[in-house]
Amino acid sequence: MTGRARGHAESLQPIGGPIPVLPAPSPADAPAAGYQLLDHTADVGLRAWGSTPAAAFAQAARGMFAVMRGTELDDKPVPEPRTNLAIEVAGADWPELLVNWLAELLFYHQAQGFIPEGISFEACAPPHCRAHLMGRQQEASEEAGGLAIKGVTYHQLEVDIGEDRTEIRVIFDV
Amino acid sequence: MNDEASTTQDWRRVLRRLDPVRWELPVDYKAGMRVPGLIFADDALMEAMATDMAIEQVANVATLPGIVGHSIAMPDIHWGYGFPIGGVAATRTSDGVVSPGGVGFDINCGVRLLATPLDQGQVAPRLKEFIDQLFRDVPAGTGQQSDLRLSPEDEEGILARGAAWAVQIGLGTPADLEVTESRGSLASADPALVSERARQRGMRQLGTLGSGNHFLEIQVVKAITDEAAARAFGLGGPGQIVVSIHTGSRGLGHQVCQEALGVMQHAMQEYAIEVPDRQLACAPVGSPEGQAYLGAMAAAANFAWANRQAITAAVRNAFRRVLGLPDPDAAIRVVYDVAHNIAKIERHLVDGQELELCVHRKGATRAFPPGHGDLPDRYREIGQPVLIPGDMGRYSYVCVGQPGAMAETWGSSCHGAGRALSRGAAKRSLAGVDIAEQLRARGVIVRAQNRWALAEESSEAYKDVRTVVSVLARAGLARVVAELQPLGVVKG
């Protein structure tokens, strides 16, 4: 998968089709960001990567929502009314920062129906991750076709920070 | 993802076979193990569990401070996160730890079995209508909420008193509580320890099933293998209609676990604890962090018992409305309700000495034998009903706890069939197959929110639960009482 412009969510493919990246990448960033779902006996694993930690964190978020919704997030313009969400999480190290970042998005989705459409990071390195999210509220009639994620685990968690590439692996309990 | 060296490990070289259904994982297998592992499996199940990370996880659990006896694996174990699913570990409360990963996100996920006075012939003509009614009355799938409106007093009642709260507001009878593990209510619960976020995420999901492997199943008793126990459990004989409910504490419990995991990451540093997998993060049972987790976990467990009680009320109501069953509260009896993701403070004999232990059951249920003091009067002479769902296409089992469980597994048994295929593999192998149609051909009606989740939960994705219960019986942990077959299934 290395260097592919588009993540490929294998087991979701029949519903979702090819999966574009989030946020809309700059041309230089495009070949190096994406995500992929991984097999795990009882749960769902996710690999995500990007040229920077922030890009990889955004891809991990995108993959998590693809699992939960059973489909790709829309690339259509965000409909009005838009919802803005400022998120700030702490983490003493990269694994904790990643788990807290994803767990925060999971909370806002499951408690308040927030679906992100765009993410911009202000900071993304231990001990803090600060981001502004633009998105929308899930409509009451909207049926999600995916799996409810129960939690973000530390099991086999990896955040590998390279000079121009960050690789993430995370397993969700579903 | 099977790229860890240990997944290609030849486990038969590492494990010491004790007898046809017991394997020991030697204490020197991995640095840091404090006790050996004990795995219950026959040859076929061993072959299945040796292909993923489950046995490595048995070794990891053996490193928990204060663990006594063995790190135990039930015959249905499969690769989980932190603990293997099907893992049991007891730690001394005096100097051992409690690990939220040993309970899991779905705190007090469990199974409840209801026995009805109806037989298959009375239900079959209206089965489809009945399943449709259940599908409407018991919301299933992702993000579903119930119509219940809860006051702050209700919330406190649910978290403090669990199923007893539900019965008090009319969602059942006191007799239901008699045959619910811990009477459906852990007194150690402290609602104040359940965060506002956990309440926001899950409180309104009371009365819902959720997605994944959760289900509501209408089943028929196919065979009785232990007449006396079956009679005590209210199982009359082949043809009787029963109902299984499998769900837990929904988003509320998930959030309690997620928050506790964060707290434990820091507690480990404070108490200088090291574990091989951060998902096993833990703190001493008696520490402020350990006690805060146990108080919140107990409140989430109570939520789960209230949830299964609320769903019981919906099921009884559907029997009355669709099938005309009068007085369903009395006519439909709870056989039992077991928790299979929980940590319990219990007293057990350790090397001849009675000790207070924190028993983690991650995908494992209690299986108390005849005569155990915690059993309801109704089952004191017979033993505890052990509810072991299989998969939605084949069969499930009702077993009864045996003395071997107290001697070897802290009174525990397995909780299901265990997965054989990953979710992705199940979907790939079933591409193009209409699971609902396939089940219909076998005489099973299924209503589900989404077809992909259905493929992940198909028979093919699970081990044969019949082999699993046969290992339990041969090992003396539990004895088979009855076989149940599915007729109608509601899935998320």
# chains A, B, ... in the order shown; residues from 1 in each chain; ligands from 1
>>> interface_residues(of="chain A", to="chain B", cutoff="9 Å", atoms="only C-alpha atoms", output="VMD selection string")
chain A and resid 10 to 12 37 to 45 68 to 70 92 96 99 to 100 103 107 to 113 143 to 157 171 to 174
>>> select_by_dssp(residues="range 276-468 of chain B", states="alpha helix (DSSP H)", output="number ranges by chain")
B: 288-323, 328-331, 403-408, 423-429, 435-441, 451-456, 465-468
>>> residues_around(residues="Leu45 in chain B", least_positions_apart="3", cutoff="10 Å", atoms="only C-alpha atoms", output="list in words")
Val21, Phe40, Ala41, Asp42, Ala48, Met49, Ala50, Pro75, Asp76, Ile77, Ala420, Lys463, Asp464, Thr467, Val468 and Val471 of chain B
>>> residues_around(residues="Leu323 in chain B", least_positions_apart="5", cutoff="10 Å", atoms="only C-alpha atoms", output="ChimeraX atom specification")
/B:118,122-123,125-127,129-130,317-318
>>> write_last_selection(atoms="N, CA and C atoms", output="PDB file, in the first residue's frame")
ATOM      1  N   LEU B 118     -44.947 -21.546  25.798  1.00  0.00           N
ATOM      2  CA  LEU B 118     -45.439 -21.867  24.457  1.00  0.00           C
ATOM      3  C   LEU B 118     -44.557 -22.914  23.787  1.00  0.00           C
ATOM      4  N   GLN B 122     -47.267 -23.301  18.492  1.00  0.00           N
ATOM      5  CA  GLN B 122     -48.075 -22.122  18.811  1.00  0.00           C
ATOM      6  C   GLN B 122     -47.458 -20.826  18.283  1.00  0.00           C
ATOM      7  N   VAL B 123     -46.160 -20.829  18.096  1.00  0.00           N
ATOM      8  CA  VAL B 123     -45.464 -19.603  17.695  1.00  0.00           C
ATOM      9  C   VAL B 123     -45.207 -19.563  16.185  1.00  0.00           C
ATOM     10  N   PRO B 125     -46.782 -20.109  13.328  1.00  0.00           N
ATOM     11  CA  PRO B 125     -47.614 -19.418  12.330  1.00  0.00           C
ATOM     12  C   PRO B 125     -47.438 -17.902  12.335  1.00  0.00           C
ATOM     13  N   ARG B 126     -47.058 -17.323  13.471  1.00  0.00           N
ATOM     14  CA  ARG B 126     -46.934 -15.856  13.536  1.00  0.00           C
ATOM     15  C   ARG B 126     -45.497 -15.431  13.814  1.00  0.00           C
ATOM     16  N   LEU B 127     -44.571 -16.323  13.528  1.00  0.00           N
ATOM     17  CA  LEU B 127     -43.173 -16.042  13.879  1.00  0.00           C
ATOM     18  C   LEU B 127     -42.648 -14.783  13.191  1.00  0.00           C
ATOM     19  N   GLU B 129     -44.212 -12.172  12.000  1.00  0.00           N
ATOM     20  CA  GLU B 129     -44.835 -10.986  12.590  1.00  0.00           C
ATOM     21  C   GLU B 129     -44.233 -10.679  13.969  1.00  0.00           C
ATOM     22  N   PHE B 130     -43.977 -11.765  14.704  1.00  0.00           N
ATOM     23  CA  PHE B 130     -43.418 -11.629  16.048  1.00  0.00           C
ATOM     24  C   PHE B 130     -41.999 -11.039  15.991  1.00  0.00           C
ATOM     25  N   ASN B 317     -43.875  -8.067  26.365  1.00  0.00           N
ATOM     26  CA  ASN B 317     -44.942  -7.285  25.767  1.00  0.00           C
ATOM     27  C   ASN B 317     -45.281  -7.784  24.362  1.00  0.00           C
ATOM     28  N   ALA B 318     -44.231  -8.130  23.593  1.00  0.00           N
ATOM     29  CA  ALA B 318     -44.453  -8.625  22.229  1.00  0.00           C
ATOM     30  C   ALA B 318     -45.187  -9.971  22.253  1.00  0.00           C
TER      31      ALA B 318
END
>>> residues_around(residues="range 327-340 of chain B", least_positions_apart="5", cutoff="7 Å", atoms="only C-alpha atoms", output="count of residues only")
27
>>> residues_around(residues="range 84-87 of chain A", least_positions_apart="3", cutoff="6 Å", atoms="only C-alpha atoms", output="number ranges by chain")
A: 130-134
>>> write_last_selection(atoms="C-alpha atoms", output="PDB file, in the first residue's frame")
ATOM      1  CA  ARG A 130      -5.312  20.572  19.069  1.00  0.00           C
ATOM      2  CA  ALA A 131      -7.535  20.549  16.021  1.00  0.00           C
ATOM      3  CA  HIS A 132     -10.459  22.400  14.498  1.00  0.00           C
ATOM      4  CA  LEU A 133     -13.051  20.210  12.891  1.00  0.00           C
ATOM      5  CA  MET A 134     -15.763  21.204  10.519  1.00  0.00           C
TER       6      MET A 134
END
>>> select_by_dssp(residues="range 50-139 of chain A", states="strand (DSSP E or B)", output="PyMOL selection string")
chain A and resi 50+83-90+114-125+128-137
>>> write_last_selection(atoms="C-alpha atoms", output="compact mmCIF listing (two decimals), in the first residue's frame")
# COMPACT_ATOMS: atom_id res chain seq x y z
CA GLY A 50 0.69 10.40 6.09
CA THR A 83 -20.92 22.41 12.96
CA ASN A 84 -17.54 23.45 14.19
CA LEU A 85 -15.77 21.58 16.89
CA ALA A 86 -12.52 22.45 18.60
CA ILE A 87 -10.77 19.46 20.09
CA GLU A 88 -7.87 19.42 22.46
CA VAL A 89 -6.52 16.22 23.95
CA ALA A 90 -3.45 15.43 26.02
CA PHE A 114 -20.97 14.75 15.01
CA ILE A 115 -19.53 13.67 11.66
CA PRO A 116 -16.30 15.41 10.65
CA GLU A 117 -15.77 16.54 7.08
CA GLY A 118 -12.59 18.55 7.46
CA ILE A 119 -9.81 18.69 10.01
CA SER A 120 -7.08 21.25 10.51
CA PHE A 121 -4.44 20.78 13.16
CA GLU A 122 -2.99 23.52 15.25
CA ALA A 123 -0.71 21.16 17.16
CA CYS A 124 -0.10 17.46 16.94
CA ALA A 125 2.73 16.26 19.13
CA HIS A 128 -1.08 17.98 23.08
CA CYS A 129 -3.17 17.57 20.03
CA ARG A 130 -5.31 20.57 19.07
CA ALA A 131 -7.54 20.55 16.02
CA HIS A 132 -10.46 22.40 14.50
CA LEU A 133 -13.05 20.21 12.89
CA MET A 134 -15.76 21.20 10.52
CA GLY A 135 -18.61 18.81 10.01
CA ARG A 136 -22.28 18.16 10.35
CA GLN A 137 -24.79 16.54 12.64
>>> atom_distance(atom1="CA of Gly488 in chain B", atom2="CA of Ala232 in chain B")
25.5 Å
>>> residues_around(residues="Pro403 in chain B", least_positions_apart="2", cutoff="7 Å", atoms="only C-alpha atoms", output="PyMOL selection string")
chain B and resi 369+405-407+477
>>> write_last_selection(atoms="N, CA and C atoms", output="mmCIF file, in the first residue's frame")
data_model
loop_
_atom_site.group_PDB
_atom_site.id
_atom_site.type_symbol
_atom_site.label_atom_id
_atom_site.label_comp_id
_atom_site.auth_asym_id
_atom_site.auth_seq_id
_atom_site.Cartn_x
_atom_site.Cartn_y
_atom_site.Cartn_z
ATOM 1 N N PRO B 369 -21.067 -24.359 41.080
ATOM 2 C CA PRO B 369 -21.580 -25.731 41.182
ATOM 3 C C PRO B 369 -22.698 -25.857 42.226
ATOM 4 N N ALA B 405 -15.173 -26.472 38.257
ATOM 5 C CA ALA B 405 -14.982 -25.048 37.987
ATOM 6 C C ALA B 405 -14.444 -24.335 39.227
ATOM 7 N N MET B 406 -14.953 -24.712 40.423
ATOM 8 C CA MET B 406 -14.440 -24.072 41.641
ATOM 9 C C MET B 406 -12.988 -24.469 41.869
ATOM 10 N N ALA B 407 -12.662 -25.723 41.541
ATOM 11 C CA ALA B 407 -11.311 -26.220 41.804
ATOM 12 C C ALA B 407 -10.281 -25.617 40.852
ATOM 13 N N LEU B 477 -15.976 -28.748 34.122
ATOM 14 C CA LEU B 477 -16.307 -27.363 34.478
ATOM 15 C C LEU B 477 -17.816 -27.128 34.438
#
>>> atom_distance(atom1="CA of Ser287 in chain B", atom2="CA of Ser195 in chain B")
19.2 Å
>>> atom_distance(atom1="CA of Ala73 in chain B", atom2="CA of Leu38 in chain B")
6.2 Å
>>> closest_residue(among="B:Thr51, B:Asn307, B:Gln145, B:Thr225", to="Gly184 in chain B", atoms="only C-alpha atoms")
B:Asn307
>>> closest_residue(among="B:Ala296, B:Leu18, B:Ala441, B:Ala304", to="Asn341 in chain B", atoms="only C-alpha atoms")
B:Ala304
